[in-house]
$ cat model.pdb   # PDB, C-alpha atoms and all ligand atoms
ATOM      1  CA  MET V   1      24.073  18.581  17.061  1.00  0.00           C
ATOM      2  CA  LEU V   2      21.969  21.637  16.329  1.00  0.00           C
ATOM      3  CA  TYR V   3      18.644  21.896  18.070  1.00  0.00           C
ATOM      4  CA  GLY V   4      15.833  21.825  15.526  1.00  0.00           C
ATOM      5  CA  GLN V   5      17.988  20.412  12.728  1.00  0.00           C
ATOM      6  CA  PRO V   6      16.345  17.304  11.229  1.00  0.00           C
ATOM      7  CA  HIS V   7      18.159  14.011  11.799  1.00  0.00           C
ATOM      8  CA  ILE V   8      17.771  10.459  10.568  1.00  0.00           C
ATOM      9  CA  ALA V   9      18.754   7.277  12.423  1.00  0.00           C
ATOM     10  CA  CYS V  10      20.412   4.414  10.546  1.00  0.00           C
ATOM     11  CA  HIS V  11      18.182   1.329  10.892  1.00  0.00           C
ATOM     12  CA  GLU V  12      21.238  -0.983  10.756  1.00  0.00           C
ATOM     13  CA  CYS V  13      23.827   0.587  13.096  1.00  0.00           C
ATOM     14  CA  ASP V  14      21.741   3.273  14.900  1.00  0.00           C
ATOM     15  CA  ALA V  15      24.062   6.102  13.756  1.00  0.00           C
ATOM     16  CA  LEU V  16      22.335   9.477  14.047  1.00  0.00           C
ATOM     17  CA  LEU V  17      22.953  11.607  10.969  1.00  0.00           C
ATOM     18  CA  ALA V  18      21.906  15.048   9.789  1.00  0.00           C
ATOM     19  CA  ASP V  19      19.058  14.702   7.301  1.00  0.00           C
ATOM     20  CA  VAL V  20      19.275  16.586   4.031  1.00  0.00           C
ATOM     21  CA  ALA V  21      16.826  17.396   1.241  1.00  0.00           C
ATOM     22  CA  LEU V  22      17.681  15.009  -1.603  1.00  0.00           C
ATOM     23  CA  PRO V  23      16.956  15.477  -5.312  1.00  0.00           C
ATOM     24  CA  ALA V  24      15.639  12.469  -7.285  1.00  0.00           C
ATOM     25  CA  GLY V  25      18.438  10.111  -8.291  1.00  0.00           C
ATOM     26  CA  LYS V  26      20.587  10.818  -5.212  1.00  0.00           C
ATOM     27  CA  LYS V  27      20.612   8.632  -2.131  1.00  0.00           C
ATOM     28  CA  LEU V  28      21.521   9.127   1.499  1.00  0.00           C
ATOM     29  CA  VAL V  29      24.093   6.548   2.644  1.00  0.00           C
ATOM     30  CA  CYS V  30      25.230   5.824   6.205  1.00  0.00           C
ATOM     31  CA  PRO V  31      28.980   6.629   6.428  1.00  0.00           C
ATOM     32  CA  ARG V  32      29.451   3.970   9.138  1.00  0.00           C
ATOM     33  CA  CYS V  33      27.817   0.842   7.649  1.00  0.00           C
ATOM     34  CA  ASN V  34      27.240   1.959   4.034  1.00  0.00           C
ATOM     35  CA  CYS V  35      23.522   1.186   4.313  1.00  0.00           C
ATOM     36  CA  THR V  36      21.115   3.150   2.068  1.00  0.00           C
ATOM     37  CA  LEU V  37      18.968   5.267   4.362  1.00  0.00           C
ATOM     38  CA  ARG V  38      16.815   7.025   1.818  1.00  0.00           C
ATOM     39  CA  LYS V  39      16.474   7.113  -1.959  1.00  0.00           C
ATOM     40  CA  PRO V  40      13.789   9.486  -3.275  1.00  0.00           C
ATOM     41  CA  VAL V  41      11.780   8.300  -6.287  1.00  0.00           C
ATOM     42  CA  ARG V  42      11.217  10.514  -9.319  1.00  0.00           C
ATOM     43  CA  ASP V  43       7.912  12.376  -9.437  1.00  0.00           C
ATOM     44  CA  PRO V  44       6.437  10.722  -6.301  1.00  0.00           C
ATOM     45  CA  VAL V  45       3.135  12.624  -6.397  1.00  0.00           C
ATOM     46  CA  ASN V  46       2.144  11.755  -9.988  1.00  0.00           C
ATOM     47  CA  ARG V  47       3.374   8.192  -9.491  1.00  0.00           C
ATOM     48  CA  GLY V  48       1.269   7.879  -6.321  1.00  0.00           C
ATOM     49  CA  LEU V  49      -1.764   9.318  -8.139  1.00  0.00           C
ATOM     50  CA  ALA V  50      -1.418   6.875 -11.060  1.00  0.00           C
ATOM     51  CA  LEU V  51      -0.941   3.805  -8.850  1.00  0.00           C
ATOM     52  CA  SER V  52      -3.714   4.639  -6.370  1.00  0.00           C
ATOM     53  CA  LEU V  53      -6.192   5.392  -9.199  1.00  0.00           C
ATOM     54  CA  THR V  54      -5.243   2.099 -10.902  1.00  0.00           C
ATOM     55  CA  SER V  55      -5.765   0.166  -7.644  1.00  0.00           C
ATOM     56  CA  LEU V  56      -9.086   1.836  -6.853  1.00  0.00           C
ATOM     57  CA  THR V  57     -10.385   1.252 -10.395  1.00  0.00           C
ATOM     58  CA  LEU V  58      -9.467  -2.447 -10.270  1.00  0.00           C
ATOM     59  CA  MET V  59     -10.977  -2.918  -6.793  1.00  0.00           C
ATOM     60  CA  VAL V  60     -14.614  -2.953  -7.907  1.00  0.00           C
ATOM     61  CA  PRO V  61     -14.258  -5.872 -10.384  1.00  0.00           C
ATOM     62  CA  ALA V  62     -11.719  -7.591  -8.073  1.00  0.00           C
ATOM     63  CA  PHE V  63     -14.191  -7.594  -5.157  1.00  0.00           C
ATOM     64  CA  PHE V  64     -17.445  -8.285  -7.013  1.00  0.00           C
ATOM     65  CA  MET V  65     -16.515 -10.375 -10.076  1.00  0.00           C
ATOM     66  CA  PRO V  66     -15.744 -14.121  -9.958  1.00  0.00           C
ATOM     67  CA  ILE V  67     -12.316 -14.974  -8.554  1.00  0.00           C
ATOM     68  CA  MET V  68     -12.760 -18.608  -9.493  1.00  0.00           C
ATOM     69  CA  THR V  69     -15.430 -21.026 -10.704  1.00  0.00           C
ATOM     70  CA  PHE V  70     -15.460 -24.549  -9.326  1.00  0.00           C
ATOM     71  CA  ASN V  71     -17.286 -27.268 -11.257  1.00  0.00           C
ATOM     72  CA  MET V  72     -17.990 -30.625  -9.629  1.00  0.00           C
ATOM     73  CA  LEU V  73     -20.412 -33.178 -11.130  1.00  0.00           C
ATOM     74  CA  GLY V  74     -21.829 -30.505 -13.438  1.00  0.00           C
ATOM     75  CA  LEU V  75     -22.590 -28.086 -10.612  1.00  0.00           C
ATOM     76  CA  ASP V  76     -20.908 -24.668 -10.868  1.00  0.00           C
ATOM     77  CA  THR V  77     -19.888 -22.694  -7.748  1.00  0.00           C
ATOM     78  CA  VAL V  78     -18.839 -19.105  -8.418  1.00  0.00           C
ATOM     79  CA  ASP V  79     -16.848 -17.303  -5.732  1.00  0.00           C
ATOM     80  CA  THR V  80     -16.106 -13.611  -5.363  1.00  0.00           C
ATOM     81  CA  MET V  81     -14.150 -11.893  -2.578  1.00  0.00           C
ATOM     82  CA  VAL V  82     -17.303 -10.368  -1.083  1.00  0.00           C
ATOM     83  CA  LYS V  83     -19.119 -13.729  -1.257  1.00  0.00           C
ATOM     84  CA  GLY V  84     -16.174 -15.351   0.528  1.00  0.00           C
ATOM     85  CA  VAL V  85     -16.505 -12.928   3.445  1.00  0.00           C
ATOM     86  CA  LEU V  86     -20.294 -13.493   3.579  1.00  0.00           C
ATOM     87  CA  HIS V  87     -19.786 -17.292   3.595  1.00  0.00           C
ATOM     88  CA  LEU V  88     -17.425 -16.930   6.579  1.00  0.00           C
ATOM     89  CA  PHE V  89     -20.044 -14.863   8.453  1.00  0.00           C
ATOM     90  CA  GLN V  90     -22.781 -17.392   7.662  1.00  0.00           C
ATOM     91  CA  ALA V  91     -20.565 -20.292   8.775  1.00  0.00           C
ATOM     92  CA  GLY V  92     -20.098 -18.632  12.171  1.00  0.00           C
ATOM     93  CA  PHE V  93     -16.451 -17.604  11.644  1.00  0.00           C
ATOM     94  CA  TRP V  94     -17.321 -13.937  12.198  1.00  0.00           C
ATOM     95  CA  TRP V  95     -13.894 -13.049  13.663  1.00  0.00           C
ATOM     96  CA  MET V  96     -12.157 -14.484  10.579  1.00  0.00           C
ATOM     97  CA  ALA V  97     -14.687 -12.770   8.316  1.00  0.00           C
ATOM     98  CA  LEU V  98     -13.979  -9.427  10.033  1.00  0.00           C
ATOM     99  CA  LEU V  99     -10.224  -9.968   9.672  1.00  0.00           C
ATOM    100  CA  VAL V 100     -10.497 -10.806   5.956  1.00  0.00           C
ATOM    101  CA  LEU V 101     -12.926  -7.900   5.423  1.00  0.00           C
ATOM    102  CA  PHE V 102     -10.550  -5.436   7.080  1.00  0.00           C
ATOM    103  CA  CYS V 103      -7.155  -6.677   5.842  1.00  0.00           C
ATOM    104  CA  SER V 104      -8.145  -7.661   2.280  1.00  0.00           C
ATOM    105  CA  ILE V 105     -10.884  -5.150   1.413  1.00  0.00           C
ATOM    106  CA  LEU V 106     -11.163  -2.141   3.730  1.00  0.00           C
ATOM    107  CA  ALA V 107      -7.479  -1.495   4.559  1.00  0.00           C
ATOM    108  CA  PRO V 108      -6.206  -1.638   0.922  1.00  0.00           C
ATOM    109  CA  MET V 109      -9.135   0.559  -0.181  1.00  0.00           C
ATOM    110  CA  LEU V 110      -8.478   3.060   2.616  1.00  0.00           C
ATOM    111  CA  GLU V 111      -4.718   3.058   1.955  1.00  0.00           C
ATOM    112  CA  ASN V 112      -5.199   3.844  -1.737  1.00  0.00           C
ATOM    113  CA  LEU V 113      -7.820   6.506  -0.974  1.00  0.00           C
ATOM    114  CA  LEU V 114      -5.436   8.134   1.523  1.00  0.00           C
ATOM    115  CA  VAL V 115      -2.538   8.116  -0.989  1.00  0.00           C
ATOM    116  CA  LEU V 116      -4.874   9.644  -3.605  1.00  0.00           C
ATOM    117  CA  LEU V 117      -5.950  12.426  -1.218  1.00  0.00           C
ATOM    118  CA  ILE V 118      -2.354  13.059  -0.057  1.00  0.00           C
ATOM    119  CA  CYS V 119      -1.190  13.387  -3.685  1.00  0.00           C
ATOM    120  CA  LEU V 120      -4.077  15.692  -4.604  1.00  0.00           C
ATOM    121  CA  LEU V 121      -3.374  17.917  -1.573  1.00  0.00           C
ATOM    122  CA  SER V 122       0.365  17.927  -2.414  1.00  0.00           C
ATOM    123  CA  GLN V 123      -0.375  18.942  -6.014  1.00  0.00           C
ATOM    124  CA  ALA V 124      -2.568  21.777  -4.726  1.00  0.00           C
ATOM    125  CA  ARG V 125       0.249  22.732  -2.291  1.00  0.00           C
ATOM    126  CA  ARG V 126      -2.100  22.352   0.676  1.00  0.00           C
ATOM    127  CA  TYR V 127       0.508  21.434   3.292  1.00  0.00           C
ATOM    128  CA  GLY V 128      -1.703  22.138   6.294  1.00  0.00           C
ATOM    129  CA  GLY V 129      -3.133  20.086   9.154  1.00  0.00           C
ATOM    130  CA  LEU V 130      -5.340  17.893   6.944  1.00  0.00           C
ATOM    131  CA  LEU V 131      -2.355  16.602   4.938  1.00  0.00           C
ATOM    132  CA  ILE V 132      -0.407  15.898   8.150  1.00  0.00           C
ATOM    133  CA  THR V 133      -3.343  13.924   9.616  1.00  0.00           C
ATOM    134  CA  LEU V 134      -3.727  11.900   6.392  1.00  0.00           C
ATOM    135  CA  LEU V 135       0.015  11.111   6.294  1.00  0.00           C
ATOM    136  CA  LYS V 136      -0.109   9.830   9.887  1.00  0.00           C
ATOM    137  CA  ILE V 137      -3.196   7.662   9.250  1.00  0.00           C
ATOM    138  CA  GLN V 138      -1.666   6.303   6.005  1.00  0.00           C
ATOM    139  CA  SER V 139       1.538   5.226   7.792  1.00  0.00           C
ATOM    140  CA  ARG V 140      -0.561   3.193  10.257  1.00  0.00           C
ATOM    141  CA  ILE V 141      -3.141   1.732   7.886  1.00  0.00           C
ATOM    142  CA  ARG V 142      -0.608   0.411   5.322  1.00  0.00           C
ATOM    143  CA  ARG V 143       0.594  -2.205   7.863  1.00  0.00           C
ATOM    144  CA  TRP V 144      -2.885  -3.751   7.830  1.00  0.00           C
ATOM    145  CA  ALA V 145      -3.316  -4.086   4.060  1.00  0.00           C
ATOM    146  CA  MET V 146      -2.478  -7.762   3.418  1.00  0.00           C
ATOM    147  CA  LEU V 147      -3.601  -8.534  -0.103  1.00  0.00           C
ATOM    148  CA  GLU V 148      -0.679 -10.901  -0.612  1.00  0.00           C
ATOM    149  CA  VAL V 149      -1.993 -13.150   2.207  1.00  0.00           C
ATOM    150  CA  TYR V 150      -5.357 -13.343   0.422  1.00  0.00           C
ATOM    151  CA  MET V 151      -3.573 -14.182  -2.847  1.00  0.00           C
ATOM    152  CA  LEU V 152      -1.732 -16.990  -1.058  1.00  0.00           C
ATOM    153  CA  GLY V 153      -5.105 -18.263   0.235  1.00  0.00           C
ATOM    154  CA  ILE V 154      -6.510 -18.303  -3.320  1.00  0.00           C
ATOM    155  CA  LEU V 155      -3.510 -20.255  -4.620  1.00  0.00           C
ATOM    156  CA  VAL V 156      -3.741 -22.796  -1.775  1.00  0.00           C
ATOM    157  CA  ALA V 157      -7.496 -23.236  -2.426  1.00  0.00           C
ATOM    158  CA  TYR V 158      -6.801 -23.640  -6.162  1.00  0.00           C
ATOM    159  CA  VAL V 159      -4.223 -26.377  -5.589  1.00  0.00           C
ATOM    160  CA  LYS V 160      -6.521 -28.219  -3.133  1.00  0.00           C
ATOM    161  CA  MET V 161      -9.626 -28.043  -5.348  1.00  0.00           C
ATOM    162  CA  ILE V 162      -8.005 -28.916  -8.662  1.00  0.00           C
ATOM    163  CA  ASP V 163      -8.073 -32.650  -7.838  1.00  0.00           C
ATOM    164  CA  SER V 164     -11.784 -32.598  -6.902  1.00  0.00           C
ATOM    165  CA  GLY V 165     -13.194 -30.925 -10.014  1.00  0.00           C
ATOM    166  CA  GLN V 166     -12.661 -28.303 -12.700  1.00  0.00           C
ATOM    167  CA  VAL V 167     -11.417 -24.931 -11.459  1.00  0.00           C
ATOM    168  CA  HIS V 168     -11.413 -21.838 -13.674  1.00  0.00           C
ATOM    169  CA  MET V 169      -9.923 -18.499 -12.720  1.00  0.00           C
ATOM    170  CA  GLY V 170     -12.327 -15.620 -13.412  1.00  0.00           C
ATOM    171  CA  ILE V 171     -11.969 -11.983 -14.466  1.00  0.00           C
ATOM    172  CA  GLY V 172     -11.968 -11.045 -10.761  1.00  0.00           C
ATOM    173  CA  MET V 173      -8.670 -12.911 -10.344  1.00  0.00           C
ATOM    174  CA  ILE V 174      -7.003 -10.882 -13.156  1.00  0.00           C
ATOM    175  CA  CYS V 175      -8.273  -7.614 -11.611  1.00  0.00           C
ATOM    176  CA  PHE V 176      -7.200  -8.780  -8.136  1.00  0.00           C
ATOM    177  CA  THR V 177      -3.664  -9.546  -9.399  1.00  0.00           C
ATOM    178  CA  GLY V 178      -3.463  -6.107 -11.047  1.00  0.00           C
ATOM    179  CA  MET V 179      -4.756  -4.434  -7.879  1.00  0.00           C
ATOM    180  CA  LEU V 180      -2.243  -6.379  -5.751  1.00  0.00           C
ATOM    181  CA  LEU V 181       0.663  -5.279  -7.976  1.00  0.00           C
ATOM    182  CA  ALA V 182      -0.441  -1.614  -8.076  1.00  0.00           C
ATOM    183  CA  THR V 183      -1.072  -1.487  -4.295  1.00  0.00           C
ATOM    184  CA  THR V 184       2.262  -3.176  -3.480  1.00  0.00           C
ATOM    185  CA  LEU V 185       4.167  -0.799  -5.789  1.00  0.00           C
ATOM    186  CA  ASN V 186       2.359   2.131  -4.168  1.00  0.00           C
ATOM    187  CA  THR V 187       3.247   0.891  -0.672  1.00  0.00           C
ATOM    188  CA  VAL V 188       6.913   0.356  -1.568  1.00  0.00           C
ATOM    189  CA  MET V 189       7.474   3.415  -3.773  1.00  0.00           C
ATOM    190  CA  PHE V 190       5.244   6.083  -2.240  1.00  0.00           C
ATOM    191  CA  ASP V 191       7.789   8.599  -0.975  1.00  0.00           C
ATOM    192  CA  THR V 192       6.207  10.121   2.107  1.00  0.00           C
ATOM    193  CA  HIS V 193       9.573  11.591   3.139  1.00  0.00           C
ATOM    194  CA  SER V 194       9.594  14.078   0.263  1.00  0.00           C
ATOM    195  CA  ILE V 195       6.038  15.122   1.151  1.00  0.00           C
ATOM    196  CA  TRP V 196       7.059  15.546   4.802  1.00  0.00           C
ATOM    197  CA  GLU V 197       9.974  17.708   3.590  1.00  0.00           C
ATOM    198  CA  ASN V 198       7.522  19.945   1.724  1.00  0.00           C
ATOM    199  CA  VAL V 199       5.315  20.117   4.830  1.00  0.00           C
ATOM    200  CA  GLY V 200       8.388  21.077   6.886  1.00  0.00           C
ATOM    201  CA  ARG V 201       9.366  23.839   4.429  1.00  0.00           C
ATOM    202  CA  TYR V 202       5.804  25.135   4.399  1.00  0.00           C
ATOM    203  CA  ARG V 203       5.657  25.231   8.187  1.00  0.00           C
ATOM    204  CA  GLY V 204       9.206  26.584   8.486  1.00  0.00           C
ATOM    205  CA  GLY V 205      10.346  23.596  10.536  1.00  0.00           C
ATOM    206  CA  LEU V 206      12.871  22.111   8.116  1.00  0.00           C
ATOM    207  CA  HIS V 207      16.278  23.614   7.521  1.00  0.00           C
ATOM    208  CA  GLU V 208      17.407  23.451   3.926  1.00  0.00           C
ATOM    209  CA  ASN V 209      20.701  21.511   3.648  1.00  0.00           C
ATOM    210  CA  ARG V 210      22.799  20.947   0.581  1.00  0.00           C
ATOM    211  CA  PRO V 211      22.462  17.407  -0.863  1.00  0.00           C
ATOM    212  CA  ARG V 212      25.577  15.228  -1.123  1.00  0.00           C
TER     213      ARG V 212
HETATM  214 ZN    ZN C   1      24.597   2.677   9.583  1.00  0.00          ZN
END

$ encode --input "model.pdb" --output "structure tokens"
Amino acid sequence: MLYGQPHIACHECDALLADVALPAGKKLVCPRCNCTLRKPVRDPVNRGLALSLTSLTLMVPAFFMPIMTFNMLGLDTVDTMVKGVLHLFQAGFWWMALLVLFCSILAPMLENLLVLLICLLSQARRYGGLLITLLKIQSRIRRWAMLEVYMLGILVAYVKMIDSGQVHMGIGMICFTGMLLATTLNTVMFDTHSIWENVGRYRGGLHENRPR
């Protein structure tokens, strides 16, 4: 093993392998267990920009427009995501309100903003300390973005309320679904490894190896 040479550990069998710079379309496979260790996506920066801009654009109507309208005995109740958090605060469930506020609103917004900034800095070839800090924060914050849990909550509420009155999904629900899809794709497909490789080349800390 050469000191300073980048390595990657197999998450299945713990084999330690020399890391190599991969072109799009190639993948790094563990020779011991045949597990795929890394598969770079094509054009990760532009893809990240498109998905984060889509998510951020859909966030405003998803948070502030009606998710669903509930009608019982002629009385309409319109609920938005922000109203839902406020109702939790007013009902005294402040800890749950804070959790929903952070995991369903602030963390996804922050994650998409961070991806947007990382992509813009990568496009401008600014591989300095700011980009490194943003990459580290993004890797931590993405674990807290739990839009899918909120979606599950909406579906459970829908099923429970449908027997008590008329329930209509609003425009906020369509925007929320779009935002959920764009954010999930961004989380799964955003290739931070290729950006780290560029940072390493810029700082002279990554040895260029030939791809397999
Ligand atoms: Zn392995």

$ closest_atom_pairs --input "model.pdb" --of "chain V" --to "ligand ZN 1 (chain C)" --cutoff "10 Å" --atoms "only C-alpha atoms and all ligand atoms" --output "Markdown table"
| residue | atom | partner | partner_atom | distance |
| --- | --- | --- | --- | --- |
| V:Ala9 | CA | C:ZN1 | ZN | 8.0 |
| V:Cys10 | CA | C:ZN1 | ZN | 4.6 |
| V:His11 | CA | C:ZN1 | ZN | 6.7 |
| V:Glu12 | CA | C:ZN1 | ZN | 5.1 |
| V:Cys13 | CA | C:ZN1 | ZN | 4.2 |
| V:Asp14 | CA | C:ZN1 | ZN | 6.1 |
| V:Ala15 | CA | C:ZN1 | ZN | 5.4 |
| V:Leu16 | CA | C:ZN1 | ZN | 8.4 |
| V:Leu17 | CA | C:ZN1 | ZN | 9.2 |
| V:Val29 | CA | C:ZN1 | ZN | 8.0 |
| V:Cys30 | CA | C:ZN1 | ZN | 4.7 |
| V:Pro31 | CA | C:ZN1 | ZN | 6.7 |
| V:Arg32 | CA | C:ZN1 | ZN | 5.0 |
| V:Cys33 | CA | C:ZN1 | ZN | 4.2 |
| V:Asn34 | CA | C:ZN1 | ZN | 6.2 |
| V:Cys35 | CA | C:ZN1 | ZN | 5.6 |
| V:Thr36 | CA | C:ZN1 | ZN | 8.3 |
| V:Leu37 | CA | C:ZN1 | ZN | 8.1 |

$ write_last_selection --input "model.pdb" --atoms "C-alpha atoms" --output "PDB file, keeping the file's coordinate frame"
ATOM      1  CA  ALA V   9      18.754   7.277  12.423  1.00  0.00           C
ATOM      2  CA  CYS V  10      20.412   4.414  10.546  1.00  0.00           C
ATOM      3  CA  HIS V  11      18.182   1.329  10.892  1.00  0.00           C
ATOM      4  CA  GLU V  12      21.238  -0.983  10.756  1.00  0.00           C
ATOM      5  CA  CYS V  13      23.827   0.587  13.096  1.00  0.00           C
ATOM      6  CA  ASP V  14      21.741   3.273  14.900  1.00  0.00           C
ATOM      7  CA  ALA V  15      24.062   6.102  13.756  1.00  0.00           C
ATOM      8  CA  LEU V  16      22.335   9.477  14.047  1.00  0.00           C
ATOM      9  CA  LEU V  17      22.953  11.607  10.969  1.00  0.00           C
ATOM     10  CA  VAL V  29      24.093   6.548   2.644  1.00  0.00           C
ATOM     11  CA  CYS V  30      25.230   5.824   6.205  1.00  0.00           C
ATOM     12  CA  PRO V  31      28.980   6.629   6.428  1.00  0.00           C
ATOM     13  CA  ARG V  32      29.451   3.970   9.138  1.00  0.00           C
ATOM     14  CA  CYS V  33      27.817   0.842   7.649  1.00  0.00           C
ATOM     15  CA  ASN V  34      27.240   1.959   4.034  1.00  0.00           C
ATOM     16  CA  CYS V  35      23.522   1.186   4.313  1.00  0.00           C
ATOM     17  CA  THR V  36      21.115   3.150   2.068  1.00  0.00           C
ATOM     18  CA  LEU V  37      18.968   5.267   4.362  1.00  0.00           C
TER      19      LEU V  37
END

$ resolve_selection --input "model.pdb" --expression "the PyMOL selection byres (((chain V and resi 71-77) around 9) and not hetatm)" --output "list in words"
Met68, Thr69, Phe70, Val78, Asp79, Ser164, Gly165, Gln166, Val167 and His168 of chain V

$ write_last_selection --input "model.pdb" --atoms "C-alpha atoms" --output "JSON list (two decimals), keeping the file's coordinate frame"
[["chain", "number", "residue", "atom", "x", "y", "z"],
["V", 68, "MET", "CA", -12.76, -18.61, -9.49],
["V", 69, "THR", "CA", -15.43, -21.03, -10.70],
["V", 70, "PHE", "CA", -15.46, -24.55, -9.33],
["V", 78, "VAL", "CA", -18.84, -19.10, -8.42],
["V", 79, "ASP", "CA", -16.85, -17.30, -5.73],
["V", 164, "SER", "CA", -11.78, -32.60, -6.90],
["V", 165, "GLY", "CA", -13.19, -30.92, -10.01],
["V", 166, "GLN", "CA", -12.66, -28.30, -12.70],
["V", 167, "VAL", "CA", -11.42, -24.93, -11.46],
["V", 168, "HIS", "CA", -11.41, -21.84, -13.67]]

$ residues_near_point --input "model.pdb" --point "(-16.5, -8.6, -7.4)" --cutoff "7 Å" --atoms "all atoms listed in the file" --output "ChimeraX atom specification"
/V:60-66,80-82,172

$ residues_around --input "model.pdb" --residues "Ile154 in chain V" --least-positions-apart "4" --cutoff "9 Å" --atoms "only C-alpha atoms" --output "PyMOL selection string"
chain V and resi 67-68+149-150+158-159

$ resolve_selection --input "model.pdb" --expression "the PyMOL selection byres (((chain V and resi 41-56) around 9) and not hetatm)" --output "MDAnalysis selection string"
chainID V and resid 23:25 39:40 57:60 108:109 111:120 122:123 178:183 185:186 189:192 194:195

$ write_last_selection --input "model.pdb" --atoms "C-alpha atoms" --output "tab-separated table (two decimals), keeping the file's coordinate frame"
chain	number	residue	atom	x	y	z
V	23	PRO	CA	16.96	15.48	-5.31
V	24	ALA	CA	15.64	12.47	-7.28
V	25	GLY	CA	18.44	10.11	-8.29
V	39	LYS	CA	16.47	7.11	-1.96
V	40	PRO	CA	13.79	9.49	-3.28
V	57	THR	CA	-10.38	1.25	-10.40
V	58	LEU	CA	-9.47	-2.45	-10.27
V	59	MET	CA	-10.98	-2.92	-6.79
V	60	VAL	CA	-14.61	-2.95	-7.91
V	108	PRO	CA	-6.21	-1.64	0.92
V	109	MET	CA	-9.14	0.56	-0.18
V	111	GLU	CA	-4.72	3.06	1.96
V	112	ASN	CA	-5.20	3.84	-1.74
V	113	LEU	CA	-7.82	6.51	-0.97
V	114	LEU	CA	-5.44	8.13	1.52
V	115	VAL	CA	-2.54	8.12	-0.99
V	116	LEU	CA	-4.87	9.64	-3.60
V	117	LEU	CA	-5.95	12.43	-1.22
V	118	ILE	CA	-2.35	13.06	-0.06
V	119	CYS	CA	-1.19	13.39	-3.68
V	120	LEU	CA	-4.08	15.69	-4.60
V	122	SER	CA	0.36	17.93	-2.41
V	123	GLN	CA	-0.38	18.94	-6.01
V	178	GLY	CA	-3.46	-6.11	-11.05
V	179	MET	CA	-4.76	-4.43	-7.88
V	180	LEU	CA	-2.24	-6.38	-5.75
V	181	LEU	CA	0.66	-5.28	-7.98
V	182	ALA	CA	-0.44	-1.61	-8.08
V	183	THR	CA	-1.07	-1.49	-4.30
V	185	LEU	CA	4.17	-0.80	-5.79
V	186	ASN	CA	2.36	2.13	-4.17
V	189	MET	CA	7.47	3.42	-3.77
V	190	PHE	CA	5.24	6.08	-2.24
V	191	ASP	CA	7.79	8.60	-0.98
V	192	THR	CA	6.21	10.12	2.11
V	194	SER	CA	9.59	14.08	0.26
V	195	ILE	CA	6.04	15.12	1.15

$ residues_around --input "model.pdb" --residues "range 90-104 of chain V" --least-positions-apart "3" --cutoff "6 Å" --atoms "all atoms listed in the file" --output "PyMOL selection string"
chain V and resi 85+87+107+144-147

$ decode --input "model.pdb" --residues "range 177-198 of chain V" --atoms "C-alpha atoms" --output "PDB file, in the first residue's frame"
ATOM      1  CA  THR V 177     -44.841  15.061  -4.797  1.00  0.00           C
ATOM      2  CA  GLY V 178     -42.688  16.720  -7.481  1.00  0.00           C
ATOM      3  CA  MET V 179     -40.368  18.164  -4.828  1.00  0.00           C
ATOM      4  CA  LEU V 180     -40.106  14.756  -3.111  1.00  0.00           C
ATOM      5  CA  LEU V 181     -39.153  13.050  -6.396  1.00  0.00           C
ATOM      6  CA  ALA V 182     -36.593  15.727  -7.363  1.00  0.00           C
ATOM      7  CA  THR V 183     -35.027  15.788  -3.863  1.00  0.00           C
ATOM      8  CA  THR V 184     -34.846  11.972  -3.660  1.00  0.00           C
ATOM      9  CA  LEU V 185     -33.246  11.745  -7.123  1.00  0.00           C
ATOM     10  CA  ASN V 186     -30.772  14.447  -6.093  1.00  0.00           C
ATOM     11  CA  THR V 187     -29.906  12.587  -2.878  1.00  0.00           C
ATOM     12  CA  VAL V 188     -29.426   9.266  -4.684  1.00  0.00           C
ATOM     13  CA  MET V 189     -27.704  10.513  -7.847  1.00  0.00           C
ATOM     14  CA  PHE V 190     -25.636  13.476  -6.669  1.00  0.00           C
ATOM     15  CA  ASP V 191     -22.094  12.233  -7.234  1.00  0.00           C
ATOM     16  CA  THR V 192     -20.039  13.873  -4.512  1.00  0.00           C
ATOM     17  CA  HIS V 193     -17.164  11.462  -5.196  1.00  0.00           C
ATOM     18  CA  SER V 194     -16.403  13.014  -8.583  1.00  0.00           C
ATOM     19  CA  ILE V 195     -16.432  16.477  -6.992  1.00  0.00           C
ATOM     20  CA  TRP V 196     -14.086  15.250  -4.245  1.00  0.00           C
ATOM     21  CA  GLU V 197     -11.806  13.880  -6.998  1.00  0.00           C
ATOM     22  CA  ASN V 198     -11.691  17.331  -8.601  1.00  0.00           C
TER      23      ASN V 198
END
